[in-house]
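Undergrad: Here it is, the structure, as structure tokens.
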Amino acid sequence: MRGNGEIPVNFSRTLRCELAARASEYARVRSLPHALSYSGGPVVCFEPHEQFLHGNFLPASYRAIAKNPEWRKRLSKVHAATRRNLPPREGGRWRELDSCASSDALLMNIFSYPKLAANAGVALLLGIEPGWEARFGVPARVPLKNGFCDRTEIDMRLGNLLVEAKLTEGGFQSAVGSMLQRYRDFPDVFEVERLPQSRGRFQSYQLIRNVLATQAVQGSFCVLVDARRPDLIDAFYAVVSCVRSVVLRTACAVLTWQELTRVLPVRLRRFLAEKYGIE
């Protein structure tokens, strides 16, 4: 509880509950096969059905994903809460992108949509050239002091633009100082003493790592978050304000799904408004 007696708002849980309610109604209206989690934060998981159809995806986007071998690999990642909170799925296991709360599913719904790469409005908003090709789950390859590179992934890469996507995640994770000290450029890129820390851990580890990846590729970085998550937006600015280089600092941006929606095709906008409340 805060000093003024107010209970802090759990933006993550509030949004998760809203998305679950929307997904349940979306599935009911369309008679889509789905399941509801047993416990914890409510989650609706959709099943693939018929050919090239999946309740968690806009049909045009899902067909494009299914036809692209690299994109299709993302569909196979197993859902971490399968055994604990979800009923058995007939004919297979639940996958991470089946979840209505999956930020990766939202990201792929948008950036695998046919002909979006030719959309000048999207390119202008993201600061990239039209004609890009989306790559999902790309190795970060942040240089380490030992001469090797980090093995973690970036959610999406569009040319030299690195993208981190967030929806209902609790935050950007945290890490002990020794993990961050492994990175070759960590003390050169950041004013380390100013970075957000709590109980001996650096907050927003994913943001720190992604800024280091941006420095390594001499590119730009964008965090996509929901406007209903002001906590994530605050976390972004808390980290980026500690970047030493003005050039690198200005190469980092935060964009809401709602802002992105304004330049998307009408059919995609309608889908995002109905299923996610993004409009």
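By order in the structure tokens, chains are A, B, ...; within a chain, residues start at 1; ligands start at 1, following the order shown.
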Find the residues around stretch 187-200 of chain A up to 6 Å (only C-alpha atoms counted), leave out those fewer than 2 positions away in its own chain, and share them as a list in words.
TA: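 In the requested form, the answer reads Asp185, Phe202, Gln203, Cys242, Val243 and Arg244 of chain A.
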Undergrad: Please save N, CA and C atoms of the selected residues as a tab-separated table (two decimals), in the first residue's frame.
TA:
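The result, stored in again36.tsv:
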```tsv
chain	number	residue	atom	x	y	z
A	185	ASP	N	29.93	-3.75	-23.39
A	185	ASP	CA	29.72	-2.30	-23.49
A	185	ASP	C	28.85	-1.72	-22.38
A	202	PHE	N	19.24	-5.22	-10.85
A	202	PHE	CA	18.91	-4.18	-11.82
A	202	PHE	C	17.53	-4.47	-12.40
A	203	GLN	N	16.68	-3.45	-12.41
A	203	GLN	CA	15.35	-3.60	-12.97
A	203	GLN	C	15.38	-3.43	-14.50
A	242	CYS	N	19.22	6.88	-18.71
A	242	CYS	CA	20.56	6.58	-18.20
A	242	CYS	C	21.56	6.27	-19.31
A	243	VAL	N	21.13	6.35	-20.57
A	243	VAL	CA	22.03	6.11	-21.70
A	243	VAL	C	22.94	7.32	-21.88
A	244	ARG	N	24.23	7.09	-21.95
A	244	ARG	CA	25.20	8.19	-22.03
A	244	ARG	C	25.12	8.96	-23.36
```
Undergrad: What are the closest atom pairs, with distances in Å to one decimal, for each residue of stretch 88-189 of chain A lying within 9 Å of stretch 15-39 of chain A, using only C-alpha atoms, rows by chain and rising residue number, as JSON lines?
TA:
```
{"residue": "A:Arg89", "atom": "CA", "partner": "A:Ala35", "partner_atom": "CA", "distance": 8.5}
{"residue": "A:Asp98", "atom": "CA", "partner": "A:His34", "partner_atom": "CA", "distance": 9.0}
{"residue": "A:Cys100", "atom": "CA", "partner": "A:Ala23", "partner_atom": "CA", "distance": 6.4}
{"residue": "A:Ala101", "atom": "CA", "partner": "A:Arg16", "partner_atom": "CA", "distance": 6.5}
{"residue": "A:Leu167", "atom": "CA", "partner": "A:Leu15", "partner_atom": "CA", "distance": 8.2}
{"residue": "A:Thr168", "atom": "CA", "partner": "A:Arg16", "partner_atom": "CA", "distance": 5.8}
{"residue": "A:Glu169", "atom": "CA", "partner": "A:Arg16", "partner_atom": "CA", "distance": 9.0}
```
Undergrad: If you keep N, CA and C atoms, can you produce a file of those selected residues as a short mmCIF file (atom, residue, chain, number, x, y, z; two decimals), in the first residue's frame?
TA:
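What landed in selection21.cif:
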```cif
data_model
loop_
_atom_site.label_atom_id
_atom_site.label_comp_id
_atom_site.auth_asym_id
_atom_site.auth_seq_id
_atom_site.Cartn_x
_atom_site.Cartn_y
_atom_site.Cartn_z
N ARG A 89 -5.33 -30.57 -24.15
CA ARG A 89 -5.82 -30.19 -25.47
C ARG A 89 -5.84 -31.42 -26.37
N ASP A 98 -1.12 -19.54 -28.55
CA ASP A 98 -2.55 -19.82 -28.45
C ASP A 98 -3.22 -18.87 -27.47
N CYS A 100 -4.57 -15.67 -25.40
CA CYS A 100 -5.11 -14.34 -25.73
C CYS A 100 -4.23 -13.24 -25.16
N ALA A 101 -3.36 -13.58 -24.19
CA ALA A 101 -2.48 -12.59 -23.56
C ALA A 101 -1.09 -12.57 -24.16
N LEU A 167 2.61 -6.92 -23.55
CA LEU A 167 1.17 -6.80 -23.44
C LEU A 167 0.78 -6.91 -21.95
N THR A 168 0.68 -8.14 -21.43
CA THR A 168 0.30 -8.31 -20.03
C THR A 168 1.45 -8.78 -19.15
N GLU A 169 2.65 -8.86 -19.69
CA GLU A 169 3.80 -9.27 -18.89
C GLU A 169 3.95 -8.35 -17.67
#
```
Undergrad: As a PyMOL selection string, please: every residue in stretch 37-257 of chain A that a backbone DSSP assignment puts in alpha helix (DSSP H).
TA: chain A and resi 59-67+69-72+82-85+103-111+120-126+177-181+186-189+205-217+230-240+246-250+257
Undergrad: Identify, with DSSP run on backbone atoms, the residues in stretch 53-254 of chain A assigned to strand (DSSP E or B), and express the list as number ranges by chain.
TA: A: 54, 78, 89, 92, 95, 99, 134-139, 143-144, 149, 153-158, 161-165, 174-176, 183, 190, 197-198, 201-203, 220-225, 243, 252-254
Undergrad: Pick the closest to A:Asp104 from A:Met156, A:Leu125, A:Ala60, A:Ile278: which is it, counting only C-alpha atoms?
TA: A:Met156
Undergrad: Give me, as an NGL selection string, all polymer residues having an atom no more than 10 Å from A:Ala227, counting only C-alpha atoms and skipping those fewer than 6 positions away in the same chain.
TA: :A and (167 or 233 or 255-259 or 278)
Undergrad: Which neighbours of A:Lys73 fall inside 12 Å, counting only C-alpha atoms, when residues of the same chain fewer than 6 positions from it are skipped, and could you give them as a list of chain:residue names?
TA: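 With the cut-off at 12 Å, the set is A:Ile65, A:Ala66, A:Lys67, A:Arg95, A:Glu96, A:Leu97, A:Arg135, A:Phe136, A:Gly137.
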Undergrad: Do you have the atom CA of A:Gln51-atom CA of A:Ala64 distance handy?
TA: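 For atom CA of A:Gln51 relative to atom CA of A:Ala64, the distance reads 12.4 Å.
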Undergrad: Residues within 12 Å of A:Arg182, please, as a VMD selection string. Count only C-alpha atoms; anything in the same chain fewer than 5 positions from it doesn't count.
TA: chain A and resid 142 to 150 175 to 177 187 209 212
Undergrad: Using C-alpha atoms, can you write the selected residues to a file as a CSV table (one decimal), in the first residue's frame?
TA:
```csv
chain,number,residue,atom,x,y,z
A,142,VAL,CA,25.0,-8.6,-27.6
A,143,PRO,CA,28.8,-8.7,-27.3
A,144,LEU,CA,30.2,-10.2,-24.1
A,145,LYS,CA,33.5,-9.5,-22.5
A,146,ASN,CA,34.7,-13.0,-23.2
A,147,GLY,CA,34.4,-12.5,-27.0
A,148,PHE,CA,31.2,-14.4,-27.4
A,149,CYS,CA,27.6,-13.0,-27.8
A,150,ASP,CA,24.4,-13.2,-25.7
A,175,ALA,CA,19.0,-9.4,-13.2
A,176,VAL,CA,21.8,-9.4,-10.7
A,177,GLY,CA,24.7,-7.1,-11.4
A,187,PRO,CA,29.6,0.6,-18.5
A,209,ARG,CA,20.0,-5.8,-23.0
A,212,LEU,CA,23.1,-2.8,-25.8
```
Undergrad: Can you tell me how far atom CA of A:Lys115 sits from atom CA of A:Leu264, in Å to one decimal?
TA: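 A separation of 10.8 Å between them.
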Undergrad: Would you compute the distance between atom CA of A:Val43 and atom CA of A:Pro114? Give it in Å to one decimal.
TA: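 Here the two named atoms are 27.9 Å from each other.
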Undergrad: Looking at A:Ala105, A:Ser204, A:Tyr237, A:Arg151, which one is nearest to A:Tyr183, with distances taken over only C-alpha atoms?
TA: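 Result for the nearest residue to A:Tyr183: A:Arg151.
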Undergrad: Which residues are near A:Asn160? Cut-off 10 Å, only C-alpha atoms, ignore same chain within fewer than 2 positions. Put them as a ChimeraX atom specification.
TA: /A:128,132,157-158,162-163,214,217-221
Undergrad: Any chance you can output those residues with C-alpha atoms as a tab-separated table (two decimals), in the first residue's frame?
TA:
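Generated output (result-v4.tsv):
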```tsv
chain	number	residue	atom	x	y	z
A	128	ILE	CA	12.22	2.65	-41.42
A	132	TRP	CA	10.96	-4.39	-44.83
A	157	ARG	CA	13.69	-7.16	-36.28
A	158	LEU	CA	12.76	-4.94	-39.22
A	162	LEU	CA	14.90	-3.99	-33.04
A	163	VAL	CA	11.46	-4.39	-31.47
A	214	THR	CA	20.94	-1.59	-30.59
A	217	VAL	CA	24.11	-3.17	-34.65
A	218	GLN	CA	24.21	0.65	-34.86
A	219	GLY	CA	20.46	0.57	-35.38
A	220	SER	CA	17.33	1.74	-33.59
A	221	PHE	CA	15.10	0.24	-30.94
```
